[in-house]
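**Q** Structure below; questions to follow.
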Amino acid sequence: MKINGKVLSLRRAGTVAVPNQPDTTGLARLIAAYAPHDRSFQLRVPGWHAIRLSRVNEECVHALRLPSLCIAAQGAKTFIVGQEVFEYDASRMIVFSVALPVAAQVTQASHSEPYLALQLDLDPHKIAELVLKVFPRGLRPLQERRAVDVTPLEESIVNAATRLMECLAQPGNAELLAPLATDEILIRLLRSPIGVRLAQMGFAESSVQRIAKAISWLREHYSQPIKVEDLAALVHMSVSSFHEHFKSVTSMSPLHYQKVLRLQEAKRLLLSTMMDASTASQRVGYLSASQFSREYSRFFGCAPTKDIARLRQDTRLWA
């Protein structure tokens, strides 16, 4: 796996062989109609996005991935979280239960056959509402805690997603029927092998939701100094238990999570605001410009100024 010019050896997770891949041709055609060019488009149905990308990424793109379900109808994509690699395509869907800094790479796409996907933002309140219906006798004990799951794409979910997209062409039906298709997709997901782990995000006292609360605080205060002891106290956990659960869910420690947030935000500032590296490093919480440069170089593969110059050149060439 290549990240910003560096070839890394990472653990692969969640790769499941799918013997009978559902036919996603019709769904891909509908997504293409609502995503006419490369970008993510907000659909009329709340929480849903249609995505088109027409080229393979030579290097990974770093971003913060919010809780979501992603269904690829055409093409393939890889997400790297910590030291784990998650691959999905038209035979598998991927679910993120908490907000995670990721490195993403489109691995299968072209102008004639672009990567086409649907993304649903996951709402803990909606998950909690449906969990009461799907698990009326309560959830079974959860042994494994993690915030990313890849699971086979079921034909029933493809059919529900297709009906949802077809509703968009009928103004009266979009508001009435699309929410029913959304609920069907979530219910089928909750009844799938990953359902119990997904259900955890709907319960305030679950370990996943407690880590989500800590993550929310980190996202709002990433530029401030933090103590793991304070984060543990915030979510009413012992330090050792908090550290274990945080790493189990996110594949990284709390301090590493904060560092990734800082570096991703610094890169965004450098690329979008023409801010110099010294100012950007201070804005995201670094006291030492040299430390920022070292950590940026280790994480992204080259020094800040060189990296941003390369990205701007790549953007001009692609445009």
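Identifiers in the structure tokens: chain A, B, ... in order shown; residue index from 1 per chain; ligand index from 1 in order shown.
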Per DSSP on the backbone, what are the strand (DSSP E or B) residues of region 81-319 of chain A, as an MDAnalysis selection string?

**A** chainID A and resid 81 84:89 92:96 100:108 115:121 148:152

**Q** Residues of region 124-253 of chain A in helix (DSSP H, G or I) according to DSSP, as a VMD selection string?

**A** chain A and resid 124 to 134 155 to 167 171 to 190 195 to 202 207 to 220 228 to 234 239 to 250

**Q** Can you list, as a list in words, every protein, DNA or RNA residue that comes within 12 Å of Asp230 (chain A) when you count only C-alpha atoms, leaving out same-chain residues fewer than 5 positions away?

**A**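 That gives Ala214, Trp217, Leu218, Pro225, Val235, His236, Met237, Ser238, Val239, Phe242, His243 and Pro254 of chain A.
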
**Q** Find, counting only C-alpha atoms, the residue in A:Val98, A:Ala233, A:Val85, A:Leu132 that gets nearest to Leu64 (chain A).

**A**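 Distance minimum relative to Leu64 (chain A) lands on A:Val98.
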
**Q** For region 50-52 of chain A, work out the shell of residues within 10 Å, counting only C-alpha atoms and skipping chain neighbours fewer than 5 positions away, then give it as a PyMOL selection string.

**A** chain A and resi 28+30-43+70-72+74-75+109+113-120+165
